[in-house]
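Pasted below: model-v5.cif, mmCIF, C-alpha atoms and all ligand atoms.
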data_structure
#
loop_
_atom_site.label_atom_id
_atom_site.label_comp_id
_atom_site.auth_asym_id
_atom_site.auth_seq_id
_atom_site.Cartn_x
_atom_site.Cartn_y
_atom_site.Cartn_z
CA MET A 27 167.15 -64.26 -1.70
CA PRO A 28 165.02 -61.13 -1.27
CA LEU A 29 162.41 -61.46 1.45
CA ARG A 30 158.91 -60.50 0.30
CA SER A 31 157.46 -58.51 3.18
CA LYS A 32 154.07 -59.48 4.54
CA LEU A 33 153.71 -55.98 6.00
CA PRO A 34 155.46 -53.66 3.57
CA ASP A 35 153.64 -50.60 4.90
CA VAL A 36 154.40 -51.15 8.58
CA GLY A 37 157.10 -49.15 10.34
CA THR A 38 157.80 -48.51 14.02
CA THR A 39 154.61 -47.83 16.00
CA ILE A 40 153.79 -44.27 16.99
CA PHE A 41 153.85 -45.43 20.64
CA THR A 42 157.49 -46.43 20.39
CA VAL A 43 158.40 -43.34 18.35
CA MET A 44 156.86 -40.94 20.89
CA SER A 45 158.15 -42.75 23.99
CA GLN A 46 161.68 -42.68 22.53
CA LEU A 47 161.34 -38.98 21.70
CA ALA A 48 160.10 -38.33 25.25
CA GLN A 49 163.11 -40.14 26.67
CA ALA A 50 165.58 -38.41 24.41
CA HIS A 51 164.28 -34.97 25.48
CA GLY A 52 163.50 -35.66 29.12
CA ALA A 53 159.81 -35.03 28.46
CA ILE A 54 156.96 -36.14 30.71
CA ASN A 55 155.58 -39.07 28.83
CA LEU A 56 151.81 -38.78 28.40
CA SER A 57 152.06 -40.53 25.03
CA GLN A 58 152.23 -44.36 25.14
CA GLY A 59 149.47 -45.79 27.33
CA PHE A 60 150.94 -47.21 30.51
CA PRO A 61 150.63 -46.27 34.20
CA ASP A 62 153.64 -44.73 35.94
CA PHE A 63 152.44 -45.78 39.40
CA ALA A 64 153.21 -48.94 41.30
CA VAL A 65 151.45 -52.25 40.97
CA ASP A 66 149.54 -53.24 44.15
CA PRO A 67 152.17 -54.71 46.56
CA ALA A 68 149.83 -57.65 47.25
CA LEU A 69 149.92 -58.57 43.57
CA LEU A 70 153.72 -58.30 43.49
CA ALA A 71 153.96 -60.43 46.63
CA GLY A 72 151.71 -63.01 44.99
CA ALA A 73 154.02 -63.25 41.98
CA ASN A 74 157.12 -63.54 44.20
CA GLU A 75 155.46 -66.17 46.36
CA ALA A 76 154.42 -68.18 43.31
CA MET A 77 158.00 -68.20 42.03
CA ALA A 78 159.41 -69.11 45.46
CA ALA A 79 156.83 -71.89 45.75
CA GLY A 80 158.21 -73.42 42.56
CA HIS A 81 155.49 -72.43 40.06
CA ASN A 82 158.08 -71.91 37.36
CA GLN A 83 157.27 -74.50 34.72
CA TYR A 84 154.80 -74.46 31.83
CA ALA A 85 151.24 -73.62 32.75
CA ALA A 86 148.39 -75.57 31.18
CA MET A 87 148.05 -74.64 27.50
CA PRO A 88 144.71 -72.72 27.86
CA GLY A 89 145.88 -71.06 31.06
CA LEU A 90 146.15 -71.87 34.75
CA PRO A 91 142.82 -73.46 35.83
CA ALA A 92 142.71 -71.28 38.96
CA LEU A 93 142.98 -68.12 36.87
CA ARG A 94 140.32 -69.23 34.40
CA GLN A 95 138.03 -70.07 37.34
CA ALA A 96 138.69 -66.66 38.91
CA ILE A 97 137.79 -64.97 35.60
CA ALA A 98 134.56 -66.99 35.35
CA ALA A 99 133.71 -66.06 38.95
CA LYS A 100 134.36 -62.40 38.19
CA LEU A 101 132.18 -62.47 35.05
CA LEU A 102 129.38 -63.94 37.18
CA ALA A 103 129.82 -61.43 39.99
CA CYS A 104 130.29 -58.43 37.73
CA GLN A 105 127.83 -59.08 34.90
CA GLY A 106 125.81 -62.12 35.93
CA LEU A 107 127.37 -64.11 33.09
CA VAL A 108 127.84 -67.86 33.17
CA VAL A 109 131.05 -68.72 31.31
CA ASP A 110 132.69 -72.15 31.27
CA PRO A 111 136.31 -71.70 32.39
CA ASN A 112 137.36 -74.94 30.73
CA ARG A 113 135.83 -74.43 27.31
CA GLU A 114 135.39 -70.68 26.91
CA ILE A 115 138.37 -68.86 28.49
CA THR A 116 141.94 -68.85 27.18
CA ILE A 117 144.79 -66.99 28.89
CA THR A 118 146.99 -65.14 26.41
CA ALA A 119 150.23 -63.16 26.31
CA GLY A 120 148.44 -59.83 26.69
CA ALA A 121 145.43 -58.70 24.73
CA THR A 122 147.68 -58.26 21.70
CA GLN A 123 148.20 -62.00 21.32
CA ALA A 124 144.51 -62.70 21.90
CA LEU A 125 143.60 -60.21 19.17
CA TYR A 126 146.15 -61.61 16.73
CA THR A 127 145.15 -65.20 17.43
CA ALA A 128 141.42 -64.49 17.05
CA ILE A 129 142.05 -62.66 13.77
CA ALA A 130 144.21 -65.52 12.48
CA THR A 131 141.58 -68.04 13.62
CA VAL A 132 138.78 -66.41 11.63
CA LEU A 133 140.39 -65.02 8.51
CA HIS A 134 141.58 -66.89 5.45
CA ALA A 135 143.36 -65.38 2.45
CA SER A 136 141.14 -62.94 0.52
CA ASP A 137 138.61 -62.62 3.35
CA GLU A 138 137.63 -59.15 4.53
CA ALA A 139 137.40 -57.76 8.05
CA ILE A 140 135.71 -54.49 8.94
CA VAL A 141 137.54 -52.15 11.29
CA PHE A 142 136.85 -48.54 12.18
CA ASP A 143 138.86 -45.48 11.28
CA PRO A 144 140.54 -44.44 13.59
CA CYS A 145 141.50 -47.84 14.96
CA TYR A 146 143.97 -49.30 17.43
CA ASP A 147 147.18 -50.08 15.65
CA SER A 148 147.47 -53.86 15.97
CA TYR A 149 144.32 -54.89 14.08
CA VAL A 150 145.15 -54.05 10.49
CA PRO A 151 148.63 -55.65 10.40
CA ALA A 152 147.19 -58.83 11.92
CA ILE A 153 144.51 -58.91 9.22
CA THR A 154 146.99 -58.17 6.44
CA ALA A 155 149.38 -60.89 7.62
CA GLN A 156 146.64 -63.47 6.95
CA GLY A 157 146.45 -62.37 3.33
CA ALA A 158 143.08 -60.86 4.20
CA ARG A 159 141.90 -57.29 3.67
CA ALA A 160 140.99 -54.66 6.25
CA VAL A 161 138.01 -52.54 5.22
CA ARG A 162 137.98 -49.31 7.21
CA VAL A 163 134.70 -47.61 8.02
CA PRO A 164 135.15 -44.04 9.33
CA LEU A 165 133.68 -43.28 12.74
CA ARG A 166 131.28 -40.35 12.58
CA GLN A 167 132.69 -36.87 13.13
CA PRO A 168 132.88 -35.15 15.52
CA ASP A 169 131.61 -37.62 18.14
CA PHE A 170 133.26 -40.87 16.95
CA ALA A 171 129.94 -42.75 16.97
CA VAL A 172 129.50 -45.74 14.65
CA ASP A 173 127.60 -45.13 11.42
CA TRP A 174 125.85 -48.49 11.10
CA GLU A 175 124.55 -47.68 7.63
CA ALA A 176 128.15 -47.20 6.51
CA VAL A 177 129.05 -50.53 8.12
CA ALA A 178 126.18 -52.24 6.29
CA ALA A 179 127.35 -50.69 3.02
CA ALA A 180 130.90 -51.99 3.59
CA ILE A 181 129.82 -55.64 3.95
CA THR A 182 130.54 -57.84 0.93
CA PRO A 183 130.27 -61.60 0.35
CA ARG A 184 133.91 -61.83 1.50
CA THR A 185 133.33 -60.15 4.90
CA ARG A 186 133.93 -62.53 7.81
CA LEU A 187 134.68 -60.36 10.82
CA ILE A 188 133.86 -57.01 12.42
CA ILE A 189 136.32 -55.71 15.03
CA VAL A 190 134.93 -53.36 17.67
CA ASN A 191 136.92 -51.65 20.41
CA ASN A 192 134.77 -50.64 23.38
CA PRO A 193 135.76 -48.34 25.09
CA ASN A 194 137.66 -47.08 22.10
CA ASN A 195 141.36 -46.26 21.92
CA PRO A 196 142.01 -43.61 20.64
CA ALA A 197 138.46 -42.19 20.25
CA THR A 198 137.50 -42.66 23.97
CA SER A 199 133.90 -43.30 22.89
CA VAL A 200 131.78 -46.20 24.21
CA LEU A 201 129.13 -48.34 22.55
CA THR A 202 125.46 -48.13 23.59
CA VAL A 203 122.89 -50.94 23.71
CA ASP A 204 121.54 -49.60 20.40
CA ASP A 205 125.01 -49.99 18.91
CA LEU A 206 125.24 -53.60 20.06
CA ASN A 207 121.76 -54.31 18.65
CA ALA A 208 122.75 -52.79 15.30
CA LEU A 209 125.98 -54.82 15.29
CA SER A 210 124.07 -57.96 16.14
CA ARG A 211 121.51 -57.45 13.36
CA LEU A 212 124.27 -57.10 10.76
CA ALA A 213 126.25 -60.03 12.14
CA GLU A 214 123.17 -62.29 12.07
CA ARG A 215 122.06 -61.18 8.62
CA HIS A 216 125.49 -61.75 7.07
CA ASP A 217 126.66 -64.54 9.40
CA LEU A 218 129.74 -62.63 10.61
CA MET A 219 132.05 -63.18 13.57
CA ILE A 220 132.78 -60.38 16.03
CA LEU A 221 136.06 -59.57 17.73
CA ALA A 222 135.44 -57.24 20.67
CA ASP A 223 138.49 -55.57 22.18
CA GLU A 224 137.23 -54.67 25.65
CA VAL A 225 140.55 -54.07 27.40
CA TYR A 226 139.22 -50.83 28.93
CA GLU A 227 136.03 -52.49 30.25
CA HIS A 228 136.51 -51.00 33.74
CA LEU A 229 137.52 -47.55 32.51
CA VAL A 230 134.06 -46.17 31.74
CA PHE A 231 133.11 -42.86 33.32
CA ASP A 232 130.28 -40.64 34.54
CA ASP A 233 128.23 -43.65 35.71
CA ARG A 234 127.87 -45.06 32.23
CA PRO A 235 127.67 -48.86 32.15
CA HIS A 236 130.06 -50.92 30.03
CA HIS A 237 128.02 -52.85 27.45
CA SER A 238 129.97 -56.01 26.72
CA VAL A 239 129.25 -58.26 23.77
CA LEU A 240 129.27 -61.06 26.35
CA ALA A 241 126.10 -59.63 27.93
CA HIS A 242 124.29 -59.60 24.56
CA PRO A 243 123.12 -63.19 23.95
CA ALA A 244 123.09 -63.04 20.15
CA LEU A 245 126.53 -61.40 20.01
CA ARG A 246 127.96 -63.68 22.66
CA ALA A 247 127.28 -66.66 20.42
CA ARG A 248 129.54 -65.27 17.67
CA SER A 249 132.13 -63.17 19.53
CA PHE A 250 135.69 -63.37 20.71
CA ALA A 251 135.96 -60.90 23.61
CA VAL A 252 139.45 -59.80 24.63
CA TYR A 253 140.76 -58.40 27.94
CA SER A 254 144.08 -57.35 29.48
CA PHE A 255 145.37 -57.60 33.04
CA GLY A 256 147.91 -54.99 32.00
CA LYS A 257 145.09 -52.43 31.95
CA THR A 258 143.10 -53.70 34.89
CA PHE A 259 145.97 -54.15 37.34
CA HIS A 260 148.37 -51.42 36.13
CA ALA A 261 150.93 -53.97 34.91
CA THR A 262 151.28 -53.54 31.15
CA GLY A 263 154.71 -55.17 31.26
CA TRP A 264 153.34 -58.47 32.51
CA LYS A 265 151.58 -59.09 29.19
CA VAL A 266 148.81 -61.33 30.47
CA GLY A 267 145.33 -61.14 28.98
CA TYR A 268 142.51 -63.47 27.99
CA CYS A 269 139.94 -64.29 25.37
CA VAL A 270 136.36 -65.36 26.10
CA ALA A 271 134.52 -67.13 23.28
CA PRO A 272 131.94 -69.92 22.87
CA PRO A 273 133.37 -73.47 22.96
CA ALA A 274 133.52 -74.03 19.19
CA LEU A 275 135.34 -70.72 18.65
CA THR A 276 137.64 -71.29 21.62
CA GLU A 277 138.55 -74.73 20.33
CA GLU A 278 139.74 -73.26 17.03
CA LEU A 279 141.48 -70.33 18.75
CA ARG A 280 143.44 -72.73 20.97
CA LYS A 281 144.70 -74.67 17.96
CA LEU A 282 146.63 -71.56 16.95
CA HIS A 283 147.35 -70.42 20.50
CA GLN A 284 149.18 -73.63 21.32
CA PHE A 285 151.61 -73.09 18.48
CA LEU A 286 152.01 -69.34 18.92
CA VAL A 287 152.92 -69.34 22.63
CA PHE A 288 151.71 -72.73 23.91
CA SER A 289 151.15 -71.24 27.37
CA VAL A 290 151.58 -68.02 29.30
CA ASN A 291 153.95 -67.17 32.15
CA THR A 292 153.00 -69.29 35.18
CA PRO A 293 153.83 -67.30 38.34
CA MET A 294 151.97 -64.21 37.10
CA GLN A 295 148.90 -66.34 36.48
CA HIS A 296 149.00 -67.59 40.09
CA ALA A 297 149.29 -64.04 41.38
CA LEU A 298 146.50 -62.73 39.12
CA ALA A 299 144.14 -65.54 40.13
CA ALA A 300 144.45 -64.60 43.80
CA HIS A 301 144.20 -60.87 43.11
CA LEU A 302 141.12 -61.11 40.90
CA ALA A 303 139.18 -62.79 43.68
CA ASN A 304 139.01 -59.46 45.53
CA ALA A 305 136.32 -57.44 43.71
CA GLN A 306 137.54 -54.18 45.22
CA HIS A 307 140.57 -54.36 42.97
CA TRP A 308 138.50 -53.72 39.87
CA GLN A 309 135.42 -52.02 41.32
CA ALA A 310 137.49 -48.99 42.32
CA LEU A 311 138.87 -48.42 38.82
CA PRO A 312 136.24 -46.10 37.25
CA GLY A 313 136.37 -43.62 40.14
CA PHE A 314 140.16 -43.83 40.36
CA TYR A 315 140.65 -43.03 36.68
CA GLN A 316 137.79 -40.53 36.41
CA ALA A 317 139.54 -38.38 39.03
CA LYS A 318 142.75 -38.54 36.95
CA ARG A 319 140.84 -37.68 33.79
CA ASP A 320 139.40 -34.60 35.46
CA ARG A 321 142.75 -33.58 36.94
CA LEU A 322 144.47 -33.72 33.56
CA ALA A 323 141.50 -31.96 31.93
CA SER A 324 141.83 -28.92 34.16
CA HIS A 325 145.53 -28.59 33.23
CA LEU A 326 144.82 -28.98 29.52
CA ILE A 327 142.00 -26.44 29.54
CA ALA A 328 144.20 -23.94 31.40
CA ALA A 329 146.88 -24.45 28.74
CA GLY A 330 144.46 -23.60 25.92
CA PHE A 331 143.38 -27.01 24.61
CA ALA A 332 139.76 -27.71 23.72
CA LEU A 333 138.82 -31.12 25.10
CA LEU A 334 136.67 -33.78 23.52
CA PRO A 335 134.36 -35.74 25.81
CA CYS A 336 136.16 -38.77 27.29
CA HIS A 337 133.65 -41.53 28.09
CA GLY A 338 136.14 -44.37 28.51
CA SER A 339 139.79 -45.60 28.33
CA TYR A 340 142.66 -43.76 30.02
CA PHE A 341 143.16 -41.26 27.25
CA GLN A 342 142.02 -37.69 26.71
CA LEU A 343 141.71 -36.23 23.22
CA ALA A 344 142.56 -32.56 22.94
CA ASP A 345 142.21 -30.08 20.08
CA TYR A 346 145.25 -27.80 19.87
CA SER A 347 143.86 -25.41 17.20
CA ALA A 348 144.02 -22.44 19.57
CA ILE A 349 147.70 -23.14 20.35
CA ARG A 350 149.50 -24.01 17.10
CA PRO A 351 146.96 -24.06 14.23
CA ASP A 352 149.89 -23.95 11.80
CA LEU A 353 151.14 -27.46 12.70
CA ASN A 354 149.76 -30.83 11.68
CA ASP A 355 149.35 -33.34 14.53
CA LEU A 356 152.70 -35.12 13.99
CA ALA A 357 154.54 -31.81 13.99
CA PHE A 358 152.58 -30.56 17.01
CA ALA A 359 153.36 -33.72 19.05
CA HIS A 360 157.03 -33.37 18.15
CA TRP A 361 157.07 -29.65 19.00
CA LEU A 362 155.28 -30.14 22.32
CA THR A 363 157.72 -32.88 23.35
CA VAL A 364 160.88 -31.06 22.33
CA THR A 365 159.91 -27.50 23.23
CA HIS A 366 157.60 -27.92 26.22
CA GLY A 367 158.67 -31.30 27.60
CA VAL A 368 155.31 -33.11 27.40
CA ALA A 369 154.87 -36.06 25.03
CA THR A 370 151.52 -36.95 23.43
CA ILE A 371 150.30 -39.18 20.62
CA PRO A 372 149.12 -37.59 17.35
CA LEU A 373 145.88 -39.04 16.05
CA SER A 374 146.57 -39.39 12.34
CA PRO A 375 148.60 -42.67 12.63
CA PHE A 376 145.39 -44.40 13.77
CA TYR A 377 143.75 -43.54 10.45
CA ALA A 378 143.93 -44.58 6.83
CA GLU A 379 142.31 -41.25 5.99
CA PRO A 380 142.69 -38.74 8.81
CA PRO A 381 140.03 -36.02 8.89
CA GLN A 382 141.14 -32.40 8.96
CA ARG A 383 141.22 -32.08 12.73
CA ARG A 384 143.96 -30.95 15.08
CA LEU A 385 143.88 -33.65 17.74
CA VAL A 386 146.40 -35.29 20.05
CA ARG A 387 145.92 -37.97 22.71
CA PHE A 388 147.14 -37.60 26.30
CA CYS A 389 147.40 -40.59 28.67
CA PHE A 390 146.18 -39.84 32.20
CA ALA A 391 147.24 -43.18 33.77
CA LYS A 392 149.83 -41.25 35.77
CA THR A 393 150.42 -40.25 39.38
CA ASP A 394 148.87 -36.97 40.47
CA GLU A 395 152.44 -35.63 40.78
CA THR A 396 153.21 -36.49 37.15
CA LEU A 397 149.96 -34.86 36.02
CA ALA A 398 150.75 -31.75 38.07
CA GLN A 399 154.28 -31.55 36.62
CA ALA A 400 152.87 -31.89 33.12
CA GLY A 401 150.32 -29.20 33.97
CA ALA A 402 153.08 -26.86 35.15
CA ARG A 403 154.97 -27.34 31.89
CA LEU A 404 151.85 -26.93 29.77
CA ALA A 405 150.95 -23.72 31.59
CA ALA A 406 153.71 -22.08 29.53
CA LEU A 407 151.51 -22.56 26.46
CA ALA A 408 148.95 -20.14 27.85
CA GLN A 409 151.63 -17.47 28.26
CA ARG A 410 152.72 -17.64 24.64
N1 LIG B 1 143.80 -53.11 22.66
C1 LIG B 1 143.80 -51.80 22.97
C2 LIG B 1 142.64 -50.96 22.53
C3 LIG B 1 144.87 -51.25 23.67
O1 LIG B 1 144.86 -49.95 23.95
C4 LIG B 1 145.94 -52.09 24.05
C5 LIG B 1 147.14 -51.58 24.78
N2 LIG B 1 147.19 -50.31 25.14
C6 LIG B 1 145.89 -53.43 23.70
C7 LIG B 1 144.81 -53.91 23.00
C8 LIG B 1 147.01 -54.36 24.04
O2 LIG B 1 146.92 -54.89 25.32
P1 LIG B 1 148.14 -55.74 25.94
O3 LIG B 1 149.14 -54.77 26.43
O4 LIG B 1 147.49 -56.53 27.04
O5 LIG B 1 148.66 -56.60 24.86
N1 LIG B 2 148.11 -49.59 23.70
C1 LIG B 2 149.05 -48.62 24.17
C2 LIG B 2 148.57 -47.25 23.75
O1 LIG B 2 147.56 -47.10 23.15
C3 LIG B 2 150.41 -48.86 23.61
C4 LIG B 2 150.79 -50.28 23.43
C5 LIG B 2 152.03 -50.39 22.58
O2 LIG B 2 152.96 -49.61 22.73
N2 LIG B 2 152.02 -51.31 21.70
O3 LIG B 2 149.24 -46.29 24.02
#

Would you mind giving the structure from this file in structure tokens?
Amino acid sequence: MPLRSKLPDVGTTIFTVMSQLAQAHGAINLSQGFPDFAVDPALLAGANEAMAAGHNQYAAMPGLPALRQAIAAKLLACQGLVVDPNREITITAGATQALYTAIATVLHASDEAIVFDPCYDSYVPAITAQGARAVRVPLRQPDFAVDWEAVAAAITPRTRLIIVNNPNNPATSVLTVDDLNALSRLAERHDLMILADEVYEHLVFDDRPHHSVLAHPALRARSFAVYSFGKTFHATGWKVGYCVAPPALTEELRKLHQFLVFSVNTPMQHALAAHLANAQHWQALPGFYQAKRDRLASHLIAAGFALLPCHGSYFQLADYSAIRPDLNDLAFAHWLTVTHGVATIPLSPFYAEPPQRRLVRFCFAKTDETLAQAGARLAALAQR
């Protein structure tokens, strides 16, 4: 019997494609977003201790109470927010599962969800798999700001959800208070839900604040906000994240969560709960990553790239027009990996309709040695 695909247009993600190409050619992998440095030994010790202490059976369905309490304490300390750990926080298998579950919770067949173009790759397939429709609103060129009039024009009687990613991967832009107010006005007027992917909440640079939907009372009442310990604690392979949402939304989210994963890996939750209690572990992140951003930037500029401003995330967008104007971004990323031994991510796969720009994305979540090695290889571009 032929299987009718739910995602006929989906292939292998560009992250997997480029990481495999990097491996096959021994390239320095600045493509897929993951750190190449070690996880804090205290966090590793915590995970080992939790396993040795016998914390190896199912955690509570919404997540280990101690971890949910630690998250609530952090939200209070960090943003002055009062969040109920029992009714408003759910621990998930990475941000990816939180995003998918929130999307599946809100959308019914034939509903519409607004996403931005470019957008992170997991949103549209999750929308499509519900039998719903993703409506893409282009971010403004060249600064990737949101055009709220275009968002308003895209809303129809079927619209249920707007998905925002702040800081944005791949655009590296961040939302302002004015953006959140504009979002809130539209959401209130049309009674829409918001899904806010804030996995890079601590990776905001140049003393800009992170404006979370959770800190905006009107948005908080209608938002699912999603986070990832993979980003915050340099452990993308642990796949632990969480979703914060008001009790009524959380209750519905957990109905799906309990049948998607039921609960998330127990010893890691013990370790993360203890680690989160030390504020230094996340307070140091903006400075730590800003220094890496600037280090990579100097190498890229020396190699002949023109850089776009990077306000947040651990990615740097670079225009390669001065290097190989003859290549489109897929061909350029392939050429750079194979010929110069540095892998990047082309931008067009994040778009339904890519603009005519020559942009690739570099990940700077790497040791200073890795960045220096990449810089040495890229220096050859300037000699061409
Ligand atoms: N959202 C964005 C914007 C991301 O960049 C990523 C991963 N890089 C995720 C979600 C997924 O997070 P996780 O690995 O915790 O599933
Ligand atoms: N989010 C990571 C990135 O943007 C990749 C995650 C994945 O490979 N699915 O590079």

Residues of range 196-281 of chain A that approach range 82-91 of chain A to 12 Å or less, counting only C-alpha atoms: could you list each one with the shortest pair of atoms and its distance in Å to one decimal, rows by chain and increasing residue number, as a Markdown table?
| residue | atom | partner | partner_atom | distance |
| --- | --- | --- | --- | --- |
| A:Val266 | CA | A:Gly89 | CA | 10.2 |
| A:Gly267 | CA | A:Gly89 | CA | 10.2 |
| A:Tyr268 | CA | A:Gly89 | CA | 8.9 |
| A:Cys269 | CA | A:Pro88 | CA | 10.0 |
| A:Val270 | CA | A:Pro88 | CA | 11.3 |
| A:Thr276 | CA | A:Pro88 | CA | 9.5 |
| A:Glu277 | CA | A:Pro88 | CA | 9.9 |
| A:Glu278 | CA | A:Pro88 | CA | 11.9 |
| A:Leu279 | CA | A:Pro88 | CA | 10.0 |
| A:Arg280 | CA | A:Pro88 | CA | 7.0 |
| A:Lys281 | CA | A:Pro88 | CA | 10.1 |

Exercise for the section: Give me, please, the distance in Å between CA of Met219 in chain A and CA of Leu245 in chain A, quoted to one decimal. Expected result: 8.7 Å

Practice task
Please extract the residues at most 12 Å from ligand LIG 2 (chain B), counting only C-alpha atoms and all ligand atoms, and provide them as a VMD selection string, using the chain letters and residue numbers of this document.
Solution key: chain A and resid 38 to 46 55 to 61 120 to 123 145 to 149 191 194 to 198 223 225 to 226 254 256 to 257 262 to 263 265 339 to 342 369 to 373 375 to 376 387 to 391

Practice task
Tell me which of A:Leu125, A:Cys336, A:Leu302, A:Leu206 sits closest to ligand LIG 1 (chain B), counting all atoms listed in the file.
Solution key: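 Smallest distance to ligand LIG 1 (chain B) is found for A:Leu125.
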
Problem - Residue with smallest distance to Arg383 in chain A - pool A:Leu353, A:Leu209, A:Ala274, A:Leu311, counting only C-alpha atoms - result: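 Selected residue with least distance to Arg383 in chain A: A:Leu353.
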
Problem - Nearest to His325 in chain A by atom-to-atom distance, counting only C-alpha atoms, from A:Ala176, A:Leu407, A:Ile115, A:Met77 - result: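 Using only C-alpha atoms, His325 in chain A sits closest to A:Leu407.
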
Handout entry: Pick from A:Ala99, A:Ala179, A:Val252, A:Ala130 nearest to ligand LIG 1 (chain B), counting all atoms listed in the file
Key =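 Closest residue, counting all atoms listed in the file: A:Val252.
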
Exercise for the section: Write out as a PyMOL selection string the residues lying within 9 Å of Ala155 in chain A, counting all atoms listed in the file and excluding same-chain residues fewer than 4 positions away. Expected result: chain A and resi 32-33+130+150-151

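Note that the spacing between atom C8 of ligand LIG 1 (chain B) and CA of Tyr253 in chain A amounts to 8.4 Å.
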
With all heavy atoms as the goal, would you fill in the gaps in range 75-80 of chain A and present it as a PDB file, in the coordinates of the input?
ATOM      1  N   GLU A  75     155.766 -64.934  45.625  1.00  0.00           N
ATOM      2  CA  GLU A  75     155.460 -66.170  46.360  1.00  0.00           C
ATOM      3  C   GLU A  75     155.291 -67.347  45.403  1.00  0.00           C
ATOM      4  O   GLU A  75     155.742 -68.455  45.681  1.00  0.00           O
ATOM      5  CB  GLU A  75     154.189 -66.000  47.193  1.00  0.00           C
ATOM      6  CG  GLU A  75     154.410 -65.214  48.473  1.00  0.00           C
ATOM      7  CD  GLU A  75     153.111 -64.624  49.030  1.00  0.00           C
ATOM      8  OE1 GLU A  75     152.010 -65.111  48.681  1.00  0.00           O
ATOM      9  OE2 GLU A  75     153.220 -63.636  49.801  1.00  0.00           O
ATOM     10  N   ALA A  76     154.638 -67.081  44.272  1.00  0.00           N
ATOM     11  CA  ALA A  76     154.420 -68.180  43.310  1.00  0.00           C
ATOM     12  C   ALA A  76     155.750 -68.691  42.781  1.00  0.00           C
ATOM     13  O   ALA A  76     155.947 -69.906  42.641  1.00  0.00           O
ATOM     14  CB  ALA A  76     153.532 -67.683  42.167  1.00  0.00           C
ATOM     15  N   MET A  77     156.686 -67.769  42.517  1.00  0.00           N
ATOM     16  CA  MET A  77     158.000 -68.200  42.030  1.00  0.00           C
ATOM     17  C   MET A  77     158.745 -68.984  43.113  1.00  0.00           C
ATOM     18  O   MET A  77     159.315 -70.036  42.852  1.00  0.00           O
ATOM     19  CB  MET A  77     158.828 -67.000  41.566  1.00  0.00           C
ATOM     20  CG  MET A  77     158.412 -66.536  40.186  1.00  0.00           C
ATOM     21  SD  MET A  77     159.429 -65.201  39.547  1.00  0.00           S
ATOM     22  CE  MET A  77     158.475 -63.797  40.064  1.00  0.00           C
ATOM     23  N   ALA A  78     158.707 -68.440  44.361  1.00  0.00           N
ATOM     24  CA  ALA A  78     159.410 -69.110  45.460  1.00  0.00           C
ATOM     25  C   ALA A  78     158.804 -70.482  45.740  1.00  0.00           C
ATOM     26  O   ALA A  78     159.506 -71.418  46.134  1.00  0.00           O
ATOM     27  CB  ALA A  78     159.355 -68.236  46.714  1.00  0.00           C
ATOM     28  N   ALA A  79     157.497 -70.609  45.492  1.00  0.00           N
ATOM     29  CA  ALA A  79     156.830 -71.890  45.750  1.00  0.00           C
ATOM     30  C   ALA A  79     157.078 -72.898  44.622  1.00  0.00           C
ATOM     31  O   ALA A  79     156.591 -74.028  44.682  1.00  0.00           O
ATOM     32  CB  ALA A  79     155.338 -71.665  45.940  1.00  0.00           C
ATOM     33  N   GLY A  80     157.820 -72.471  43.609  1.00  0.00           N
ATOM     34  CA  GLY A  80     158.210 -73.420  42.560  1.00  0.00           C
ATOM     35  C   GLY A  80     157.272 -73.464  41.364  1.00  0.00           C
ATOM     36  O   GLY A  80     157.340 -74.387  40.552  1.00  0.00           O
TER      37      GLY A  80
END
